[in-house]
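*Asks:* My structure file target31.cif, mmCIF, N, CA and C atoms, pLDDT in the B column; chains and numbers go by the auth columns, is below:
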data_upload
#
loop_
_atom_site.group_PDB
_atom_site.id
_atom_site.type_symbol
_atom_site.label_atom_id
_atom_site.label_comp_id
_atom_site.label_asym_id
_atom_site.label_seq_id
_atom_site.Cartn_x
_atom_site.Cartn_y
_atom_site.Cartn_z
_atom_site.B_iso_or_equiv
_atom_site.auth_seq_id
_atom_site.auth_asym_id
ATOM 1 N N MET A 1 0.844 -1.182 0.000 47.00 1 A
ATOM 2 C CA MET A 1 0.000 0.000 0.000 47.00 1 A
ATOM 3 C C MET A 1 0.892 1.249 0.000 47.00 1 A
ATOM 4 N N ASN A 2 0.628 2.151 -0.911 67.00 2 A
ATOM 5 C CA ASN A 2 1.375 3.401 -0.988 67.00 2 A
ATOM 6 C C ASN A 2 0.819 4.398 0.009 67.00 2 A
ATOM 7 N N GLN A 3 1.716 5.038 0.728 88.00 3 A
ATOM 8 C CA GLN A 3 1.294 6.022 1.712 88.00 3 A
ATOM 9 C C GLN A 3 1.607 7.425 1.213 88.00 3 A
ATOM 10 N N LEU A 4 0.639 8.317 1.337 91.00 4 A
ATOM 11 C CA LEU A 4 0.827 9.700 0.929 91.00 4 A
ATOM 12 C C LEU A 4 1.717 10.421 1.936 91.00 4 A
ATOM 13 N N THR A 5 2.519 11.355 1.432 91.00 5 A
ATOM 14 C CA THR A 5 3.415 12.152 2.262 91.00 5 A
ATOM 15 C C THR A 5 2.978 13.604 2.187 91.00 5 A
ATOM 16 N N GLU A 6 2.804 14.237 3.349 94.00 6 A
ATOM 17 C CA GLU A 6 2.409 15.645 3.374 94.00 6 A
ATOM 18 C C GLU A 6 3.659 16.530 3.364 94.00 6 A
ATOM 19 N N LYS A 7 3.646 17.553 2.519 95.00 7 A
ATOM 20 C CA LYS A 7 4.742 18.523 2.427 95.00 7 A
ATOM 21 C C LYS A 7 4.149 19.921 2.368 95.00 7 A
ATOM 22 N N LYS A 8 4.950 20.898 2.786 96.00 8 A
ATOM 23 C CA LYS A 8 4.586 22.309 2.633 96.00 8 A
ATOM 24 C C LYS A 8 5.394 22.855 1.467 96.00 8 A
ATOM 25 N N ILE A 9 4.729 23.567 0.565 96.00 9 A
ATOM 26 C CA ILE A 9 5.424 24.239 -0.521 96.00 9 A
ATOM 27 C C ILE A 9 5.067 25.718 -0.457 96.00 9 A
ATOM 28 N N THR A 10 5.835 26.531 -1.125 97.00 10 A
ATOM 29 C CA THR A 10 5.546 27.951 -1.227 97.00 10 A
ATOM 30 C C THR A 10 5.181 28.253 -2.665 97.00 10 A
ATOM 31 N N CYS A 11 4.025 28.859 -2.878 97.00 11 A
ATOM 32 C CA CYS A 11 3.581 29.193 -4.224 97.00 11 A
ATOM 33 C C CYS A 11 4.601 30.152 -4.860 97.00 11 A
ATOM 34 N N PRO A 12 5.090 29.832 -6.068 96.00 12 A
ATOM 35 C CA PRO A 12 6.066 30.718 -6.718 96.00 12 A
ATOM 36 C C PRO A 12 5.453 32.033 -7.203 96.00 12 A
ATOM 37 N N TYR A 13 4.134 32.142 -7.165 96.00 13 A
ATOM 38 C CA TYR A 13 3.452 33.372 -7.599 96.00 13 A
ATOM 39 C C TYR A 13 3.124 34.288 -6.419 96.00 13 A
ATOM 40 N N CYS A 14 2.335 33.758 -5.466 96.00 14 A
ATOM 41 C CA CYS A 14 1.831 34.614 -4.388 96.00 14 A
ATOM 42 C C CYS A 14 2.621 34.478 -3.088 96.00 14 A
ATOM 43 N N GLY A 15 3.491 33.472 -2.980 96.00 15 A
ATOM 44 C CA GLY A 15 4.322 33.305 -1.797 96.00 15 A
ATOM 45 C C GLY A 15 3.649 32.632 -0.618 96.00 15 A
ATOM 46 N N GLU A 16 2.392 32.226 -0.775 97.00 16 A
ATOM 47 C CA GLU A 16 1.684 31.559 0.322 97.00 16 A
ATOM 48 C C GLU A 16 2.184 30.135 0.502 97.00 16 A
ATOM 49 N N GLN A 17 2.245 29.680 1.760 97.00 17 A
ATOM 50 C CA GLN A 17 2.600 28.290 2.035 97.00 17 A
ATOM 51 C C GLN A 17 1.350 27.434 1.905 97.00 17 A
ATOM 52 N N ILE A 18 1.504 26.312 1.220 96.00 18 A
ATOM 53 C CA ILE A 18 0.385 25.420 0.919 96.00 18 A
ATOM 54 C C ILE A 18 0.783 24.005 1.319 96.00 18 A
ATOM 55 N N ASP A 19 -0.122 23.280 1.976 96.00 19 A
ATOM 56 C CA ASP A 19 0.095 21.867 2.279 96.00 19 A
ATOM 57 C C ASP A 19 -0.345 21.041 1.083 96.00 19 A
ATOM 58 N N ILE A 20 0.519 20.107 0.658 95.00 20 A
ATOM 59 C CA ILE A 20 0.176 19.215 -0.448 95.00 20 A
ATOM 60 C C ILE A 20 0.429 17.781 -0.025 95.00 20 A
ATOM 61 N N LEU A 21 -0.160 16.850 -0.733 94.00 21 A
ATOM 62 C CA LEU A 21 0.065 15.425 -0.502 94.00 21 A
ATOM 63 C C LEU A 21 0.802 14.857 -1.701 94.00 21 A
ATOM 64 N N LEU A 22 1.899 14.134 -1.429 94.00 22 A
ATOM 65 C CA LEU A 22 2.672 13.492 -2.476 94.00 22 A
ATOM 66 C C LEU A 22 2.385 12.007 -2.474 94.00 22 A
ATOM 67 N N ASP A 23 2.184 11.452 -3.655 93.00 23 A
ATOM 68 C CA ASP A 23 1.908 10.041 -3.833 93.00 23 A
ATOM 69 C C ASP A 23 3.176 9.374 -4.365 93.00 23 A
ATOM 70 N N PRO A 24 3.640 8.289 -3.728 92.00 24 A
ATOM 71 C CA PRO A 24 4.834 7.597 -4.221 92.00 24 A
ATOM 72 C C PRO A 24 4.711 7.163 -5.688 92.00 24 A
ATOM 73 N N ALA A 25 3.502 6.969 -6.164 92.00 25 A
ATOM 74 C CA ALA A 25 3.299 6.591 -7.566 92.00 25 A
ATOM 75 C C ALA A 25 3.679 7.726 -8.516 92.00 25 A
ATOM 76 N N ASP A 26 3.828 8.942 -7.996 93.00 26 A
ATOM 77 C CA ASP A 26 4.155 10.102 -8.830 93.00 26 A
ATOM 78 C C ASP A 26 5.660 10.384 -8.921 93.00 26 A
ATOM 79 N N VAL A 27 6.505 9.511 -8.355 93.00 27 A
ATOM 80 C CA VAL A 27 7.949 9.733 -8.398 93.00 27 A
ATOM 81 C C VAL A 27 8.403 9.839 -9.852 93.00 27 A
ATOM 82 N N ASN A 28 9.247 10.829 -10.110 94.00 28 A
ATOM 83 C CA ASN A 28 9.771 11.142 -11.447 94.00 28 A
ATOM 84 C C ASN A 28 8.693 11.627 -12.412 94.00 28 A
ATOM 85 N N GLN A 29 7.598 12.099 -11.873 94.00 29 A
ATOM 86 C CA GLN A 29 6.514 12.655 -12.683 94.00 29 A
ATOM 87 C C GLN A 29 6.514 14.172 -12.551 94.00 29 A
ATOM 88 N N GLN A 30 6.147 14.831 -13.625 94.00 30 A
ATOM 89 C CA GLN A 30 5.961 16.281 -13.600 94.00 30 A
ATOM 90 C C GLN A 30 4.503 16.554 -13.932 94.00 30 A
ATOM 91 N N TYR A 31 3.878 17.442 -13.164 94.00 31 A
ATOM 92 C CA TYR A 31 2.477 17.778 -13.399 94.00 31 A
ATOM 93 C C TYR A 31 2.210 19.207 -12.951 94.00 31 A
ATOM 94 N N ILE A 32 1.027 19.710 -13.282 95.00 32 A
ATOM 95 C CA ILE A 32 0.641 21.079 -12.940 95.00 32 A
ATOM 96 C C ILE A 32 -0.615 21.036 -12.086 95.00 32 A
ATOM 97 N N GLU A 33 -0.589 21.805 -10.991 95.00 33 A
ATOM 98 C CA GLU A 33 -1.773 22.001 -10.140 95.00 33 A
ATOM 99 C C GLU A 33 -1.918 23.489 -9.887 95.00 33 A
ATOM 100 N N ASP A 34 -3.143 23.953 -9.805 96.00 34 A
ATOM 101 C CA ASP A 34 -3.383 25.361 -9.509 96.00 34 A
ATOM 102 C C ASP A 34 -3.173 25.631 -8.027 96.00 34 A
ATOM 103 N N CYS A 35 -2.608 26.797 -7.718 96.00 35 A
ATOM 104 C CA CYS A 35 -2.439 27.236 -6.338 96.00 35 A
ATOM 105 C C CYS A 35 -3.816 27.351 -5.689 96.00 35 A
ATOM 106 N N GLN A 36 -3.920 26.887 -4.456 95.00 36 A
ATOM 107 C CA GLN A 36 -5.189 26.938 -3.725 95.00 36 A
ATOM 108 C C GLN A 36 -5.551 28.363 -3.316 95.00 36 A
ATOM 109 N N VAL A 37 -4.576 29.286 -3.370 96.00 37 A
ATOM 110 C CA VAL A 37 -4.805 30.662 -2.941 96.00 37 A
ATOM 111 C C VAL A 37 -5.029 31.583 -4.139 96.00 37 A
ATOM 112 N N CYS A 38 -4.067 31.614 -5.074 97.00 38 A
ATOM 113 C CA CYS A 38 -4.154 32.568 -6.194 97.00 38 A
ATOM 114 C C CYS A 38 -4.620 31.935 -7.510 97.00 38 A
ATOM 115 N N CYS A 39 -4.767 30.614 -7.530 96.00 39 A
ATOM 116 C CA CYS A 39 -5.293 29.864 -8.682 96.00 39 A
ATOM 117 C C CYS A 39 -4.367 29.858 -9.906 96.00 39 A
ATOM 118 N N LYS A 40 -3.113 30.253 -9.751 96.00 40 A
ATOM 119 C CA LYS A 40 -2.175 30.201 -10.878 96.00 40 A
ATOM 120 C C LYS A 40 -1.550 28.808 -10.954 96.00 40 A
ATOM 121 N N PRO A 41 -1.153 28.370 -12.158 96.00 41 A
ATOM 122 C CA PRO A 41 -0.631 26.999 -12.332 96.00 41 A
ATOM 123 C C PRO A 41 0.795 26.844 -11.810 96.00 41 A
ATOM 124 N N ILE A 42 0.984 25.884 -10.911 96.00 42 A
ATOM 125 C CA ILE A 42 2.296 25.576 -10.354 96.00 42 A
ATOM 126 C C ILE A 42 2.784 24.276 -10.987 96.00 42 A
ATOM 127 N N ASN A 43 4.025 24.278 -11.466 96.00 43 A
ATOM 128 C CA ASN A 43 4.655 23.066 -11.996 96.00 43 A
ATOM 129 C C ASN A 43 5.266 22.280 -10.845 96.00 43 A
ATOM 130 N N PHE A 44 4.930 20.998 -10.745 96.00 44 A
ATOM 131 C CA PHE A 44 5.452 20.112 -9.705 96.00 44 A
ATOM 132 C C PHE A 44 6.304 19.030 -10.336 96.00 44 A
ATOM 133 N N LEU A 45 7.417 18.707 -9.697 95.00 45 A
ATOM 134 C CA LEU A 45 8.245 17.575 -10.085 95.00 45 A
ATOM 135 C C LEU A 45 8.518 16.778 -8.819 95.00 45 A
ATOM 136 N N VAL A 46 7.985 15.547 -8.754 95.00 46 A
ATOM 137 C CA VAL A 46 8.108 14.702 -7.567 95.00 46 A
ATOM 138 C C VAL A 46 9.305 13.770 -7.763 95.00 46 A
ATOM 139 N N PHE A 47 10.125 13.647 -6.721 94.00 47 A
ATOM 140 C CA PHE A 47 11.280 12.763 -6.801 94.00 47 A
ATOM 141 C C PHE A 47 11.563 12.158 -5.434 94.00 47 A
ATOM 142 N N GLU A 48 12.413 11.144 -5.426 92.00 48 A
ATOM 143 C CA GLU A 48 12.814 10.508 -4.178 92.00 48 A
ATOM 144 C C GLU A 48 14.212 11.005 -3.844 92.00 48 A
ATOM 145 N N SER A 49 14.387 11.533 -2.631 88.00 49 A
ATOM 146 C CA SER A 49 15.684 12.068 -2.218 88.00 49 A
ATOM 147 C C SER A 49 16.645 10.927 -1.900 88.00 49 A
ATOM 148 N N ILE A 50 17.892 11.278 -1.616 88.00 50 A
ATOM 149 C CA ILE A 50 18.926 10.281 -1.329 88.00 50 A
ATOM 150 C C ILE A 50 18.535 9.388 -0.151 88.00 50 A
ATOM 151 N N ASP A 51 17.850 9.974 0.836 88.00 51 A
ATOM 152 C CA ASP A 51 17.427 9.182 2.002 88.00 51 A
ATOM 153 C C ASP A 51 16.075 8.510 1.784 88.00 51 A
ATOM 154 N N GLU A 52 15.661 8.391 0.507 86.00 52 A
ATOM 155 C CA GLU A 52 14.440 7.697 0.082 86.00 52 A
ATOM 156 C C GLU A 52 13.166 8.353 0.589 86.00 52 A
ATOM 157 N N GLU A 53 13.235 9.650 0.847 90.00 53 A
ATOM 158 C CA GLU A 53 12.056 10.410 1.248 90.00 53 A
ATOM 159 C C GLU A 53 11.474 11.108 0.015 90.00 53 A
ATOM 160 N N LEU A 54 10.149 11.177 -0.064 92.00 54 A
ATOM 161 C CA LEU A 54 9.519 11.876 -1.178 92.00 54 A
ATOM 162 C C LEU A 54 9.751 13.369 -1.053 92.00 54 A
ATOM 163 N N SER A 55 10.143 13.989 -2.143 93.00 55 A
ATOM 164 C CA SER A 55 10.373 15.428 -2.186 93.00 55 A
ATOM 165 C C SER A 55 9.724 15.978 -3.444 93.00 55 A
ATOM 166 N N VAL A 56 9.619 17.299 -3.499 94.00 56 A
ATOM 167 C CA VAL A 56 8.996 17.933 -4.658 94.00 56 A
ATOM 168 C C VAL A 56 9.717 19.243 -4.956 94.00 56 A
ATOM 169 N N THR A 57 9.797 19.572 -6.224 94.00 57 A
ATOM 170 C CA THR A 57 10.259 20.888 -6.626 94.00 57 A
ATOM 171 C C THR A 57 9.083 21.587 -7.290 94.00 57 A
ATOM 172 N N VAL A 58 8.991 22.892 -7.108 95.00 58 A
ATOM 173 C CA VAL A 58 7.897 23.658 -7.706 95.00 58 A
ATOM 174 C C VAL A 58 8.465 24.849 -8.464 95.00 58 A
ATOM 175 N N SER A 59 7.758 25.235 -9.517 95.00 59 A
ATOM 176 C CA SER A 59 8.153 26.423 -10.275 95.00 59 A
ATOM 177 C C SER A 59 6.920 27.017 -10.938 95.00 59 A
ATOM 178 N N SER A 60 7.056 28.258 -11.362 93.00 60 A
ATOM 179 C CA SER A 60 5.978 28.913 -12.109 93.00 60 A
ATOM 180 C C SER A 60 6.224 28.700 -13.593 93.00 60 A
ATOM 181 N N ASP A 61 5.252 29.014 -14.422 82.00 61 A
ATOM 182 C CA ASP A 61 5.426 28.933 -15.867 82.00 61 A
ATOM 183 C C ASP A 61 6.466 29.941 -16.340 82.00 61 A
ATOM 184 N N ASP A 62 6.648 31.024 -15.576 76.00 62 A
ATOM 185 C CA ASP A 62 7.606 32.067 -15.937 76.00 62 A
ATOM 186 C C ASP A 62 9.053 31.599 -15.759 76.00 62 A
ATOM 187 N N GLU A 63 9.259 30.636 -14.860 64.00 63 A
ATOM 188 C CA GLU A 63 10.602 30.162 -14.541 64.00 63 A
ATOM 189 C C GLU A 63 10.962 29.015 -15.472 64.00 63 A
ATOM 190 N N SER A 64 11.876 29.249 -16.383 48.00 64 A
ATOM 191 C CA SER A 64 12.212 28.212 -17.355 48.00 64 A
ATOM 192 C C SER A 64 12.920 27.015 -16.726 48.00 64 A
ATOM 193 N N SER A 65 13.848 27.267 -15.790 49.00 65 A
ATOM 194 C CA SER A 65 14.557 26.145 -15.201 49.00 65 A
ATOM 195 C C SER A 65 14.639 26.216 -13.692 49.00 65 A
ATOM 196 N N GLY A 66 14.058 27.238 -13.096 54.00 66 A
ATOM 197 C CA GLY A 66 14.186 27.424 -11.651 54.00 66 A
ATOM 198 C C GLY A 66 13.128 26.711 -10.861 54.00 66 A
ATOM 199 N N PHE A 67 13.462 25.546 -10.313 56.00 67 A
ATOM 200 C CA PHE A 67 12.564 24.820 -9.430 56.00 67 A
ATOM 201 C C PHE A 67 13.012 25.044 -7.998 56.00 67 A
ATOM 202 N N SER A 68 12.073 25.122 -7.069 58.00 68 A
ATOM 203 C CA SER A 68 12.399 25.227 -5.645 58.00 68 A
ATOM 204 C C SER A 68 12.155 23.886 -4.994 58.00 68 A
ATOM 205 N N ASN A 69 13.126 23.378 -4.250 60.00 69 A
ATOM 206 C CA ASN A 69 13.011 22.068 -3.609 60.00 69 A
ATOM 207 C C ASN A 69 12.280 22.149 -2.270 60.00 69 A
ATOM 208 N N PHE A 70 11.449 21.113 -1.999 58.00 70 A
ATOM 209 C CA PHE A 70 10.756 20.972 -0.713 58.00 70 A
ATOM 210 C C PHE A 70 10.733 19.524 -0.325 58.00 70 A
#
Could the structure of this file be written out as structure tokens, please?
*Replies:*
Amino acid sequence: MNQLTEKKITCPYCGEQIDILLDPADVNQQYIEDCQVCCKPINFLVFESIDEELSVTVSSDDESSGFSNF
């Protein structure tokens, strides 16, 4: 059974902290979800860190290569 992992991210548009749930099935996946506060599209990239913990990077559409790690 896959267990969801809760993480806090900061919206790259409005700067608000948002709680998200990461699914282990999404490792190495990139997807877009709208910010719960400002409704702008956030790019998510889910990965497994060296210590095998689920992590995520987020970026705005404006940021060509700048992802923020969480």
*Asks:* What does the structure give for the distance between atom CA of Pro12 of chain A and atom CA of Leu54 of chain A, in Å to one decimal?
*Replies:*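 Separating atom CA of Pro12 of chain A from atom CA of Leu54 of chain A is a distance of 19.9 Å.
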*Asks:* So which bits of chain A end up strand (DSSP E) when you DSSP the backbone, as a PyMOL selection string?
*Replies:* chain A and resi 5-10+17-22+30-34+41-48+54-59+68-69
*Asks:* Quick one: of A:Ile32, A:Val58, A:Ile9, A:Val27, who's nearest to Val46 of chain A, counting only N, CA and C atoms?
*Replies:*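 Among A:Ile32, A:Val58, A:Ile9, A:Val27, it is A:Val27 that comes nearest to Val46 of chain A.
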*Asks:* Go ahead and compute the interatomic distance for atom CA of Val37 of chain A and atom CA of Ala25 of chain A, in Å to one decimal.
*Replies:* 25.8 Å
*Asks:* Once the PyMOL selection byres ((chain A and resi 8) around 6) has been applied to the shown file, what residues remain in the selection, as a short mmCIF file (atom, residue, chain, number, x, y, z; two decimals) with N, CA and C atoms, in the frame of the given file?
*Replies:*
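Generated file (selection-v2.cif):
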data_model
loop_
_atom_site.label_atom_id
_atom_site.label_comp_id
_atom_site.auth_asym_id
_atom_site.auth_seq_id
_atom_site.Cartn_x
_atom_site.Cartn_y
_atom_site.Cartn_z
N GLU A 6 2.80 14.24 3.35
CA GLU A 6 2.41 15.64 3.37
C GLU A 6 3.66 16.53 3.36
N LYS A 7 3.65 17.55 2.52
CA LYS A 7 4.74 18.52 2.43
C LYS A 7 4.15 19.92 2.37
N ILE A 9 4.73 23.57 0.56
CA ILE A 9 5.42 24.24 -0.52
C ILE A 9 5.07 25.72 -0.46
N THR A 10 5.84 26.53 -1.12
CA THR A 10 5.55 27.95 -1.23
C THR A 10 5.18 28.25 -2.66
N ILE A 18 1.50 26.31 1.22
CA ILE A 18 0.38 25.42 0.92
C ILE A 18 0.78 24.00 1.32
N ASP A 19 -0.12 23.28 1.98
CA ASP A 19 0.10 21.87 2.28
C ASP A 19 -0.34 21.04 1.08
N ILE A 20 0.52 20.11 0.66
CA ILE A 20 0.18 19.22 -0.45
C ILE A 20 0.43 17.78 -0.02
#
*Asks:* In Å, how far is it from atom N of Leu21 of chain A to atom C of Gln3 of chain A?
*Replies:*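 These atoms are spaced 9.8 Å apart.
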*Asks:* Under the PyMOL selection byres (((chain A and resi 26 and name CA) around 10) and name CA), which residues of this model are included? Write them out as JSON, numbers by chain.
*Replies:* {"A": [22, 23, 24, 25, 27, 28, 29, 30, 31, 45, 46, 47, 48, 54]}
*Asks:* Could the residues in this selection be saved with N, CA and C atoms as a CSV table (one decimal), in the frame of the given file?
*Replies:*
chain,number,residue,atom,x,y,z
A,22,LEU,N,1.9,14.1,-1.4
A,22,LEU,CA,2.7,13.5,-2.5
A,22,LEU,C,2.4,12.0,-2.5
A,23,ASP,N,2.2,11.5,-3.7
A,23,ASP,CA,1.9,10.0,-3.8
A,23,ASP,C,3.2,9.4,-4.4
A,24,PRO,N,3.6,8.3,-3.7
A,24,PRO,CA,4.8,7.6,-4.2
A,24,PRO,C,4.7,7.2,-5.7
A,25,ALA,N,3.5,7.0,-6.2
A,25,ALA,CA,3.3,6.6,-7.6
A,25,ALA,C,3.7,7.7,-8.5
A,27,VAL,N,6.5,9.5,-8.4
A,27,VAL,CA,7.9,9.7,-8.4
A,27,VAL,C,8.4,9.8,-9.9
A,28,ASN,N,9.2,10.8,-10.1
A,28,ASN,CA,9.8,11.1,-11.4
A,28,ASN,C,8.7,11.6,-12.4
A,29,GLN,N,7.6,12.1,-11.9
A,29,GLN,CA,6.5,12.7,-12.7
A,29,GLN,C,6.5,14.2,-12.6
A,30,GLN,N,6.1,14.8,-13.6
A,30,GLN,CA,6.0,16.3,-13.6
A,30,GLN,C,4.5,16.6,-13.9
A,31,TYR,N,3.9,17.4,-13.2
A,31,TYR,CA,2.5,17.8,-13.4
A,31,TYR,C,2.2,19.2,-13.0
A,45,LEU,N,7.4,18.7,-9.7
A,45,LEU,CA,8.2,17.6,-10.1
A,45,LEU,C,8.5,16.8,-8.8
A,46,VAL,N,8.0,15.5,-8.8
A,46,VAL,CA,8.1,14.7,-7.6
A,46,VAL,C,9.3,13.8,-7.8
A,47,PHE,N,10.1,13.6,-6.7
A,47,PHE,CA,11.3,12.8,-6.8
A,47,PHE,C,11.6,12.2,-5.4
A,48,GLU,N,12.4,11.1,-5.4
A,48,GLU,CA,12.8,10.5,-4.2
A,48,GLU,C,14.2,11.0,-3.8
A,54,LEU,N,10.1,11.2,-0.1
A,54,LEU,CA,9.5,11.9,-1.2
A,54,LEU,C,9.8,13.4,-1.1
*Asks:* Could you give me the axis-aligned bounding box of segment 43-48 of chain A, with 5 Å of padding per side, as centre plus edge lengths in Å to one decimal, as AutoDock Vina command-line options?
*Replies:*
--center_x 9.1 --center_y 17.4 --center_z -7.9 --size_x 20.2 --size_y 23.8 --size_z 18.2
*Asks:* Excluding Ser60 of chain A and its own-chain neighbours fewer than 4 positions away, which residues fall within 6 Å of it when counting only N, CA and C atoms? Please give them as JSON, numbers by chain.
*Replies:* {"A": [12, 41, 42, 43]}
*Asks:* Between A:Glu16, A:Asp61, A:Ser55, A:Gln36, single out the one closest to Leu4 of chain A, counting only C-alpha atoms.
*Replies:*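 Under the stated criterion, the closest residue is A:Ser55.
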*Asks:* So which residues fall inside 8 Å of (-3.9, 36.4, -8.9) if we count all atoms listed in the file? Mind giving them as a PDB file with N, CA and C atoms, in the frame of the given file?
*Replies:*
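Full text of result_22.pdb as output:
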ATOM      1  N   TYR A  13       4.134  32.142  -7.165  1.00 96.00           N
ATOM      2  CA  TYR A  13       3.452  33.372  -7.599  1.00 96.00           C
ATOM      3  C   TYR A  13       3.124  34.288  -6.419  1.00 96.00           C
ATOM      4  N   CYS A  14       2.335  33.758  -5.466  1.00 96.00           N
ATOM      5  CA  CYS A  14       1.831  34.614  -4.388  1.00 96.00           C
ATOM      6  C   CYS A  14       2.621  34.478  -3.088  1.00 96.00           C
ATOM      7  N   VAL A  37      -4.576  29.286  -3.370  1.00 96.00           N
ATOM      8  CA  VAL A  37      -4.805  30.662  -2.941  1.00 96.00           C
ATOM      9  C   VAL A  37      -5.029  31.583  -4.139  1.00 96.00           C
ATOM     10  N   CYS A  38      -4.067  31.614  -5.074  1.00 97.00           N
ATOM     11  CA  CYS A  38      -4.154  32.568  -6.194  1.00 97.00           C
ATOM     12  C   CYS A  38      -4.620  31.935  -7.510  1.00 97.00           C
ATOM     13  N   CYS A  39      -4.767  30.614  -7.530  1.00 96.00           N
ATOM     14  CA  CYS A  39      -5.293  29.864  -8.682  1.00 96.00           C
ATOM     15  C   CYS A  39      -4.367  29.858  -9.906  1.00 96.00           C
ATOM     16  N   LYS A  40      -3.113  30.253  -9.751  1.00 96.00           N
ATOM     17  CA  LYS A  40      -2.175  30.201 -10.878  1.00 96.00           C
ATOM     18  C   LYS A  40      -1.550  28.808 -10.954  1.00 96.00           C
TER      19      LYS A  40
END
